Amino acid sequence: MIGALGTLIRRELMLAFGLGGGTRGSAGFIMPIIFFLAVATIYPFAVGPDAQLLGRTGGGVIWVAALLASILPIDRLVQADMDQGMIDQYVVRGLSEELVALAKTIGHWLSFGPPLMLAAVISAGLLGQTSEQLLTIEIGLACATPALAALGVMIAALTAGLRHGAALGGLLLLPLAVPLLIFGAGSLAPGSQNGLLLLAAASLLLTVICPIAAGAAIRAGRE
């Protein structure tokens, strides 16, 4: 089972980076990062030269950009494999839908989370964040990105096969991810470091539950 999980994760990474010959292409990996950096680049022009205001609000902008960036790859996570019959092949070979969903979650996080955390360093500089704020942001993103990846796979499984599934997926993901946004951005306020503990707890809960729900959704879609 561990060997099968590793194989599935490797395939997900190859598809995410455009190396697997699938339909996702490298855009599935790079577009969320470009969007994230674009938000961080444009926002200072809207705020103006007020460095104090930029420093106070920049952390929240990073969290909003991270949440919105996580929506972009949703339509490519499950739909393509269902259309190509890959999910059916996995099940025929004795792999459960939950295992497939877990592999997709881990693969999606590896292609999305660490690059986003690296991009956050650049964004923090553009948005006037201090080194202490940057450290809090990075810890928060390390906690939250697995949950965002798990939510993305779950929503992708729920909307697979539906018309306008990408738009519907974004509408479904946003309210579910709001607790992560609240706790993550709230942890940046002075004396609110406990927000990271709440963020970690919410992220752990979502990371555990979402692959199970995604597996059930994939099974229902196959039937």
# chains A, B, ... in the order shown; residues from 1 in each chain; ligands from 1

$ residues_around --residues "Leu197 of chain A" --least-positions-apart "5" --cutoff "10 Å" --atoms "only C-alpha atoms" --output "list of chain:residue names"
A:Gly140, A:Cys143, A:Phe183, A:Gly184, A:Ser187, A:Ala202, A:Ser203

$ atom_distance --atom1 "atom CA of Pro49 of chain A" --atom2 "atom CA of Gln193 of chain A"
28.4 Å

$ atom_distance --atom1 "atom CA of Ala147 of chain A" --atom2 "atom CA of Ala124 of chain A"
21.8 Å

$ residues_around --residues "Val178 of chain A" --least-positions-apart "4" --cutoff "12 Å" --atoms "only C-alpha atoms" --output "ChimeraX atom specification"
/A:63-64,66-68,144,147-148,151,171-174,182-186,199,202-203

$ write_last_selection --atoms "N, CA and C atoms" --output "PDB file, in the first residue's frame"
ATOM      1  N   TRP A  63      -2.361  36.416   2.844  1.00  0.00           N
ATOM      2  CA  TRP A  63      -3.278  35.306   3.131  1.00  0.00           C
ATOM      3  C   TRP A  63      -4.422  35.258   2.138  1.00  0.00           C
ATOM      4  N   VAL A  64      -4.967  36.401   1.776  1.00  0.00           N
ATOM      5  CA  VAL A  64      -6.047  36.417   0.780  1.00  0.00           C
ATOM      6  C   VAL A  64      -5.536  35.902  -0.566  1.00  0.00           C
ATOM      7  N   ALA A  66      -3.026  33.855  -1.090  1.00  0.00           N
ATOM      8  CA  ALA A  66      -2.781  32.413  -0.996  1.00  0.00           C
ATOM      9  C   ALA A  66      -4.079  31.631  -1.136  1.00  0.00           C
ATOM     10  N   LEU A  67      -5.136  32.129  -0.488  1.00  0.00           N
ATOM     11  CA  LEU A  67      -6.431  31.446  -0.576  1.00  0.00           C
ATOM     12  C   LEU A  67      -6.964  31.464  -2.003  1.00  0.00           C
ATOM     13  N   LEU A  68      -6.898  32.611  -2.665  1.00  0.00           N
ATOM     14  CA  LEU A  68      -7.402  32.703  -4.033  1.00  0.00           C
ATOM     15  C   LEU A  68      -6.539  31.898  -5.007  1.00  0.00           C
ATOM     16  N   ALA A 144      -1.212  25.822   6.934  1.00  0.00           N
ATOM     17  CA  ALA A 144      -2.464  25.958   6.193  1.00  0.00           C
ATOM     18  C   ALA A 144      -2.444  25.323   4.814  1.00  0.00           C
ATOM     19  N   ALA A 147      -4.018  21.883   4.294  1.00  0.00           N
ATOM     20  CA  ALA A 147      -5.482  21.927   4.343  1.00  0.00           C
ATOM     21  C   ALA A 147      -6.051  22.510   3.059  1.00  0.00           C
ATOM     22  N   LEU A 148      -5.411  23.540   2.510  1.00  0.00           N
ATOM     23  CA  LEU A 148      -5.870  24.107   1.243  1.00  0.00           C
ATOM     24  C   LEU A 148      -5.774  23.076   0.122  1.00  0.00           C
ATOM     25  N   LEU A 151      -8.595  20.543   0.719  1.00  0.00           N
ATOM     26  CA  LEU A 151      -9.864  21.135   0.314  1.00  0.00           C
ATOM     27  C   LEU A 151      -9.983  21.183  -1.206  1.00  0.00           C
ATOM     28  N   LEU A 171     -16.507  28.753  -5.569  1.00  0.00           N
ATOM     29  CA  LEU A 171     -17.556  29.194  -4.641  1.00  0.00           C
ATOM     30  C   LEU A 171     -17.669  28.265  -3.438  1.00  0.00           C
ATOM     31  N   LEU A 172     -17.406  26.967  -3.651  1.00  0.00           N
ATOM     32  CA  LEU A 172     -17.490  26.015  -2.541  1.00  0.00           C
ATOM     33  C   LEU A 172     -16.269  26.090  -1.630  1.00  0.00           C
ATOM     34  N   LEU A 173     -15.107  26.327  -2.225  1.00  0.00           N
ATOM     35  CA  LEU A 173     -13.884  26.328  -1.429  1.00  0.00           C
ATOM     36  C   LEU A 173     -13.776  27.539  -0.519  1.00  0.00           C
ATOM     37  N   LEU A 174     -14.171  28.699  -1.016  1.00  0.00           N
ATOM     38  CA  LEU A 174     -13.964  29.936  -0.260  1.00  0.00           C
ATOM     39  C   LEU A 174     -14.562  29.899   1.141  1.00  0.00           C
ATOM     40  N   ILE A 182      -8.965  33.415   8.642  1.00  0.00           N
ATOM     41  CA  ILE A 182      -9.154  34.171   9.880  1.00  0.00           C
ATOM     42  C   ILE A 182      -8.025  33.901  10.862  1.00  0.00           C
ATOM     43  N   PHE A 183      -7.729  32.626  11.088  1.00  0.00           N
ATOM     44  CA  PHE A 183      -6.682  32.286  12.055  1.00  0.00           C
ATOM     45  C   PHE A 183      -5.304  32.679  11.546  1.00  0.00           C
ATOM     46  N   GLY A 184      -5.055  32.511  10.244  1.00  0.00           N
ATOM     47  CA  GLY A 184      -3.750  32.854   9.691  1.00  0.00           C
ATOM     48  C   GLY A 184      -3.478  34.336   9.733  1.00  0.00           C
ATOM     49  N   ALA A 185      -4.421  35.137   9.237  1.00  0.00           N
ATOM     50  CA  ALA A 185      -4.240  36.585   9.261  1.00  0.00           C
ATOM     51  C   ALA A 185      -4.292  37.118  10.682  1.00  0.00           C
ATOM     52  N   GLY A 186      -5.114  36.506  11.536  1.00  0.00           N
ATOM     53  CA  GLY A 186      -5.214  36.951  12.924  1.00  0.00           C
ATOM     54  C   GLY A 186      -3.952  36.722  13.722  1.00  0.00           C
ATOM     55  N   LEU A 199      -4.965  27.727  13.939  1.00  0.00           N
ATOM     56  CA  LEU A 199      -4.766  27.446  12.524  1.00  0.00           C
ATOM     57  C   LEU A 199      -4.296  26.007  12.329  1.00  0.00           C
ATOM     58  N   ALA A 202      -7.263  23.596  12.982  1.00  0.00           N
ATOM     59  CA  ALA A 202      -8.220  23.586  11.876  1.00  0.00           C
ATOM     60  C   ALA A 202      -7.639  22.904  10.646  1.00  0.00           C
ATOM     61  N   SER A 203      -6.353  23.155  10.377  1.00  0.00           N
ATOM     62  CA  SER A 203      -5.703  22.545   9.220  1.00  0.00           C
ATOM     63  C   SER A 203      -5.611  21.034   9.378  1.00  0.00           C
TER      64      SER A 203
END

$ residues_around --residues "Gly59 of chain A" --least-positions-apart "6" --cutoff "9 Å" --atoms "only C-alpha atoms" --output "list in words"
Ala124, Leu127, Gly128, Gln129, Gln133, Leu134, Ile137, Ala185 and Leu188 of chain A

$ write_last_selection --atoms "N, CA, C and O atoms" --output "mmCIF file, in the first residue's frame"
data_model
loop_
_atom_site.group_PDB
_atom_site.id
_atom_site.type_symbol
_atom_site.label_atom_id
_atom_site.label_comp_id
_atom_site.auth_asym_id
_atom_site.auth_seq_id
_atom_site.Cartn_x
_atom_site.Cartn_y
_atom_site.Cartn_z
ATOM 1 N N ALA A 124 6.441 39.233 0.955
ATOM 2 C CA ALA A 124 6.610 39.943 2.220
ATOM 3 C C ALA A 124 7.502 41.164 2.043
ATOM 4 O O ALA A 124 7.265 42.215 2.655
ATOM 5 N N LEU A 127 5.505 43.874 0.358
ATOM 6 C CA LEU A 127 4.415 44.395 1.176
ATOM 7 C C LEU A 127 4.893 44.951 2.516
ATOM 8 O O LEU A 127 4.084 45.154 3.430
ATOM 9 N N GLY A 128 6.169 45.161 2.662
ATOM 10 C CA GLY A 128 6.698 45.838 3.837
ATOM 11 C C GLY A 128 6.590 45.064 5.137
ATOM 12 O O GLY A 128 6.451 45.665 6.204
ATOM 13 N N GLN A 129 6.694 43.740 5.077
ATOM 14 C CA GLN A 129 6.600 42.927 6.282
ATOM 15 C C GLN A 129 7.965 42.798 6.956
ATOM 16 O O GLN A 129 8.999 42.694 6.290
ATOM 17 N N GLN A 133 7.253 39.210 11.180
ATOM 18 C CA GLN A 133 5.990 38.945 10.489
ATOM 19 C C GLN A 133 6.164 37.871 9.422
ATOM 20 O O GLN A 133 5.301 37.006 9.254
ATOM 21 N N LEU A 134 7.289 37.916 8.710
ATOM 22 C CA LEU A 134 7.553 36.914 7.688
ATOM 23 C C LEU A 134 7.628 35.519 8.302
ATOM 24 O O LEU A 134 7.082 34.550 7.749
ATOM 25 N N ILE A 137 4.183 34.387 9.041
ATOM 26 C CA ILE A 137 3.499 34.043 7.794
ATOM 27 C C ILE A 137 3.940 32.678 7.291
ATOM 28 O O ILE A 137 3.114 31.837 6.885
ATOM 29 N N ALA A 185 -4.421 35.137 9.237
ATOM 30 C CA ALA A 185 -4.240 36.585 9.261
ATOM 31 C C ALA A 185 -4.292 37.118 10.682
ATOM 32 O O ALA A 185 -3.565 38.055 11.036
ATOM 33 N N LEU A 188 -1.088 37.409 12.890
ATOM 34 C CA LEU A 188 -0.125 38.481 12.639
ATOM 35 C C LEU A 188 -0.327 39.679 13.558
ATOM 36 O O LEU A 188 0.548 40.540 13.643
#

$ closest_residue --among "A:Ala220, A:Val91, A:Val121, A:Leu5" --to "Ala40 of chain A" --atoms "only C-alpha atoms"
A:Val121

$ atom_distance --atom1 "atom CA of Trp109 of chain A" --atom2 "atom CA of Leu196 of chain A"
19.3 Å

$ residues_around --residues "Val100 of chain A" --least-positions-apart "2" --cutoff "10 Å" --atoms "only C-alpha atoms" --output "ChimeraX atom specification"
/A:4-5,8-9,78,87,90-91,95-98,102-105,211,214-215,218

$ write_last_selection --atoms "N, CA, C and O atoms" --output "compact mmCIF listing (two decimals), in the first residue's frame"
# COMPACT_ATOMS: atom_id res chain seq x y z
N ALA A 4 2.30 1.69 -3.44
CA ALA A 4 1.30 2.21 -4.37
C ALA A 4 1.06 3.70 -4.13
O ALA A 4 0.93 4.48 -5.08
N LEU A 5 1.03 4.10 -2.86
CA LEU A 5 0.85 5.51 -2.54
C LEU A 5 1.99 6.34 -3.10
O LEU A 5 1.78 7.42 -3.68
N LEU A 8 1.61 6.74 -6.85
CA LEU A 8 0.56 7.69 -7.20
C LEU A 8 1.02 9.13 -6.96
O LEU A 8 0.74 10.02 -7.76
N ILE A 9 1.72 9.34 -5.85
CA ILE A 9 2.21 10.69 -5.56
C ILE A 9 3.22 11.13 -6.62
O ILE A 9 3.18 12.29 -7.08
N VAL A 78 -8.91 16.27 -10.55
CA VAL A 78 -9.63 15.00 -10.59
C VAL A 78 -10.27 14.75 -11.95
O VAL A 78 -10.27 13.62 -12.45
N ILE A 87 -9.03 6.59 -12.83
CA ILE A 87 -9.60 6.23 -11.54
C ILE A 87 -10.12 4.80 -11.58
O ILE A 87 -9.90 4.01 -10.64
N TYR A 90 -7.27 2.38 -11.31
CA TYR A 90 -6.77 2.26 -9.94
C TYR A 90 -7.65 1.32 -9.12
O TYR A 90 -7.14 0.46 -8.37
N VAL A 91 -8.97 1.49 -9.25
CA VAL A 91 -9.89 0.66 -8.46
C VAL A 91 -9.80 -0.80 -8.89
O VAL A 91 -9.82 -1.71 -8.05
N LEU A 95 -6.88 -0.45 -5.55
CA LEU A 95 -6.60 0.76 -4.80
C LEU A 95 -7.92 1.47 -4.48
O LEU A 95 -8.76 1.65 -5.36
N SER A 96 -8.10 1.86 -3.25
CA SER A 96 -9.34 2.52 -2.86
C SER A 96 -9.36 3.96 -3.34
O SER A 96 -8.31 4.57 -3.58
N GLU A 97 -10.56 4.49 -3.46
CA GLU A 97 -10.70 5.89 -3.86
C GLU A 97 -10.10 6.83 -2.83
O GLU A 97 -9.56 7.89 -3.17
N GLU A 98 -10.17 6.44 -1.55
CA GLU A 98 -9.58 7.27 -0.50
C GLU A 98 -8.07 7.34 -0.63
O GLU A 98 -7.48 8.40 -0.39
N LEU A 102 -5.92 10.66 -1.23
CA LEU A 102 -4.79 11.02 -0.37
C LEU A 102 -3.54 11.30 -1.21
O LEU A 102 -2.82 12.28 -0.95
N ALA A 103 -3.29 10.47 -2.21
CA ALA A 103 -2.13 10.69 -3.07
C ALA A 103 -2.25 12.01 -3.83
O ALA A 103 -1.27 12.75 -3.97
N LYS A 104 -3.45 12.31 -4.30
CA LYS A 104 -3.66 13.57 -4.99
C LYS A 104 -3.45 14.76 -4.06
O LYS A 104 -2.91 15.79 -4.45
N THR A 105 -3.89 14.61 -2.81
CA THR A 105 -3.71 15.68 -1.83
C THR A 105 -2.23 15.94 -1.56
O THR A 105 -1.77 17.09 -1.57
N PRO A 211 -9.59 14.05 2.49
CA PRO A 211 -9.34 12.90 1.61
C PRO A 211 -10.41 11.81 1.72
O PRO A 211 -10.73 11.15 0.72
N ALA A 214 -13.31 13.21 -0.20
CA ALA A 214 -12.97 13.18 -1.64
C ALA A 214 -13.08 11.78 -2.19
O ALA A 214 -13.58 11.57 -3.31
N GLY A 215 -12.61 10.78 -1.44
CA GLY A 215 -12.74 9.39 -1.87
C GLY A 215 -14.18 8.98 -2.05
O GLY A 215 -14.54 8.31 -3.04
N ILE A 218 -15.48 10.64 -5.25
CA ILE A 218 -14.96 9.95 -6.45
C ILE A 218 -15.73 8.66 -6.67
O ILE A 218 -16.12 8.31 -7.80

$ closest_residue --among "A:Leu168, A:Asp88, A:Ile139, A:Ala217" --to "Gly195 of chain A" --atoms "only C-alpha atoms"
A:Ile139
